[in-house]
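See below for the structure under consideration.
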Amino acid sequence: MRNSDGGGEDPNKLSFSSPSSLDSRFSQTLRNVQGLLKGRSFPGKVSITRRSDPLELSVSPSRNHDRRFSDSDVDHGEPADRLTEDDLRDRTSRTAMSSVNPANSSTTGSGNIAKEIEKTTMGARATDSARLMKFTKELSGTNLVLEKLRELAWSGVPPYLRPNVWRLLLGYAPSNSDRREGVLRRKRLEYLDCVAQHYDIPDTERTDEEINMLRQIAVDCPRTVPDVSFFQQVEVQKSLERILYIWAIRHPASGYVQGINDVATPFFVVFLSEYLEGSINTWSMADLSPERISDVEADCYWCLSKLLDGMQDHYIFAQPGIQRLVFKLKELVRRIDEPVSKHVEDQGLEFLQFAFRWFNCLLIREIPFHLVTRLWDTYLAEGDALPDFLVYIAASFLLTWSDELRKLDFQELVMFLQHLPTRNWTHVELEMVLSRAYMWHTMFNNSPSHLAG
């Protein structure tokens with residue numbers, strides 16, 4: 001970890017959005033919430049308005065509406081019984097109010113939603129035929145409308161569409177389908193040239209700094225995702241080594257920083273899934289031709305570059321971008337759940353001691369690896385707004401254990417946060433984290449005065 005006293009930007013400003021017409025959108029809100037309680041979808045964007053009466057949840061007509069479950073494989077079942085409109089509105093209003101009441105656990109409302117979800121069978125999620133038709137429609141046109149694809153991808157991408165969707169979301173593959181094949185071919189050849197020029201050379205042609213960097217990468221690759229046997233294959237580690245070394249050589253402002261090895265893994269797995277079937281634990285690089293391995297590495301390299309271009313100051317000296325996010329996280333938690341914030345402070349625990357790794361590795365080390373690609377669907381759908389949204393995801397993630405955290409002393413807090421009980425998490429828990437993060441982002445993102453208050 002690199003530490004410094006690097007200052008951060010002012011926290012985001014909070015000014016509540018102007019009131020919208022609840023009457024004109026009540027029917028849509030009702031459908032969304034009813035779908036939620038059936039286990040079929042989460043409510044769409046929420047708009048919190050300043051009113052004299054209690055807060056209500058409303059759906060705003062913005063880009064990330066219609067947020068549904070991810071593409072995890074689940075059995076389909078019958079939906080829950082229809083509830084009355086008053087029941088639905090009451091439940092939704094209570095959820096919104098409990099999420100902004102610092103006197104209560106920040107996760108009370110979300111926990112109620114989780115219980116509703118667990119009581120009912122999951123719907124069709126991202127494999128729902130209507131949802132697949134939307135993806136197919138957006139991807140079949142000559143000129144892709146990227147914003148519509150982001151709306152769909154935020155809620156999860158079907159696995160077999162994920163490689164193409166990720167390339168498009170990151171701008172690696174062009175929106176125009178006529179140009180797509182040619183651009184990918186050219187970029188893959190460019191990567192191959194970089195490998196020949198920078199990697200496939202003797203150490204005598206490298207500088208001392210490059211030799212040390214390559215050695216550090218070679219040390220880190222075997223440590224990457226240690227609980228997934230696939231990453232222990234020598235061929236996998238060599239592929240990651242090439243990708244990371246080429247990235248570091250071509251980004252001299254930062255060079256290689258520990259943690260980027262974790263960030264590369266979702267791309268590597270997703271692009272391999274175009275050629276390897278079944279569980280990742282059964283995959284073997286020996287089943288792929290050198291040409292396909294090179295294509296996978298190239299796609300991984302270019303998508304990693306696109307992603308990190310949007311967070312360059314996260315990996316330069318002293319990593320000021322990450323320090324800024326940690327500062328914002330601390331302020332956000334203080335506003336959402338003051339008892340937890342005060343307890344952590346009273347115990348002398350600094351947010352930097354646990355949240356630095358979260359932001360540095362984008363939570364990859366904190367959740368089961370099989371959930372990572374679903375989380376990254378949302379990451380990539382956020383586009384340039386991802387760094388800010390990461391703060392809200394981290395807050396939602398931390399406050400999942402609001403009640404537990406308040407009972408722990410310093411040493412117990414450190415141990416708990418270093419070994420979070422997520423081993424048995426499913427898509428349900430992850431979707432709850434994302435749902436809360438979205439709600440809080442809607443409430444707080446445009447309000448620095450509130451967060452600083």
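How things are named: the first chain in the structure tokens is A, the next is B, and so on; residues count from 1 in each chain; ligands count from 1 in the order shown.
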Give me, as a CSV table (one decimal) with N, CA and C atoms, in the first residue's frame, all polymer residues having an atom no more than 12 Å from A:Met415, counting only C-alpha atoms and skipping those fewer than 5 positions away in the same chain.
```
chain,number,residue,atom,x,y,z
A,349,LEU,N,-9.9,3.1,14.3
A,349,LEU,CA,-9.7,2.4,13.0
A,349,LEU,C,-9.8,3.4,11.9
A,353,GLN,N,-7.3,1.8,6.3
A,353,GLN,CA,-6.7,0.5,6.7
A,353,GLN,C,-7.5,-0.6,6.1
A,354,PHE,N,-8.7,-0.4,5.7
A,354,PHE,CA,-9.4,-1.5,5.0
A,354,PHE,C,-10.0,-1.1,3.7
A,405,LEU,N,-20.7,-4.6,13.1
A,405,LEU,CA,-19.5,-3.7,13.3
A,405,LEU,C,-19.6,-2.9,14.6
A,408,LEU,N,-17.9,-4.7,17.7
A,408,LEU,CA,-16.5,-5.1,17.7
A,408,LEU,C,-15.5,-4.1,18.2
A,409,ASP,N,-14.5,-4.5,18.9
A,409,ASP,CA,-13.4,-3.6,19.3
A,409,ASP,C,-12.4,-3.5,18.1
A,410,PHE,N,-11.3,-2.7,18.3
A,410,PHE,CA,-10.4,-2.4,17.3
A,410,PHE,C,-9.9,-3.7,16.6
A,420,LEU,N,-14.0,-10.8,5.5
A,420,LEU,CA,-15.5,-10.6,5.5
A,420,LEU,C,-16.2,-11.9,5.2
A,421,PRO,N,-17.4,-12.1,5.9
A,421,PRO,CA,-18.1,-13.3,5.7
A,421,PRO,C,-18.9,-13.4,4.4
```
Stretch 174-252 of chain A: residues DSSP assigns to alpha helix (DSSP H), reported as a PyMOL selection string: chain A and resi 177-194+208-220+234-249
Can you list, as an NGL selection string, every protein, DNA or RNA residue that comes within 9 Å of A:Leu139 when you count only C-alpha atoms, leaving out same-chain residues fewer than 3 positions away? :A and (134-136 or 142-145 or 149 or 164-165 or 177)
For the atom pair atom CA of A:Val219 and atom CA of A:Arg357, what is the interatomic distance in Å to one decimal place? 18.5 Å
Extract, using only C-alpha atoms, all DNA, RNA and protein residues at most 10 Å from A:Leu168, discarding same-chain residues fewer than 5 positions from it, and format them as a PDB file with C-alpha atoms, in the first residue's frame.
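So the final result, stored in selection_23.pdb, reads:
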```pdb
ATOM      1  CA  LEU A 139     -26.730  -5.491 -30.553  1.00  0.00           C
ATOM      2  CA  LEU A 144     -25.335   0.771 -31.622  1.00  0.00           C
ATOM      3  CA  LEU A 146     -24.413   2.912 -26.354  1.00  0.00           C
ATOM      4  CA  LEU A 149     -26.849  -0.785 -23.922  1.00  0.00           C
ATOM      5  CA  ARG A 150     -25.646   0.744 -20.635  1.00  0.00           C
ATOM      6  CA  ARG A 162     -20.868 -10.529 -22.013  1.00  0.00           C
ATOM      7  CA  PRO A 163     -17.638 -10.528 -24.091  1.00  0.00           C
ATOM      8  CA  ALA A 173     -15.084  -2.288 -30.127  1.00  0.00           C
ATOM      9  CA  PRO A 174     -16.689   0.499 -32.192  1.00  0.00           C
ATOM     10  CA  SER A 175     -20.425   1.093 -32.095  1.00  0.00           C
ATOM     11  CA  ASN A 176     -20.622   0.707 -35.870  1.00  0.00           C
ATOM     12  CA  ARG A 180     -16.003  -3.759 -35.619  1.00  0.00           C
ATOM     13  CA  CYS A 303     -10.124  -3.359 -22.104  1.00  0.00           C
ATOM     14  CA  LEU A 380     -18.667  -0.961 -16.970  1.00  0.00           C
TER      15      LEU A 380
END
```
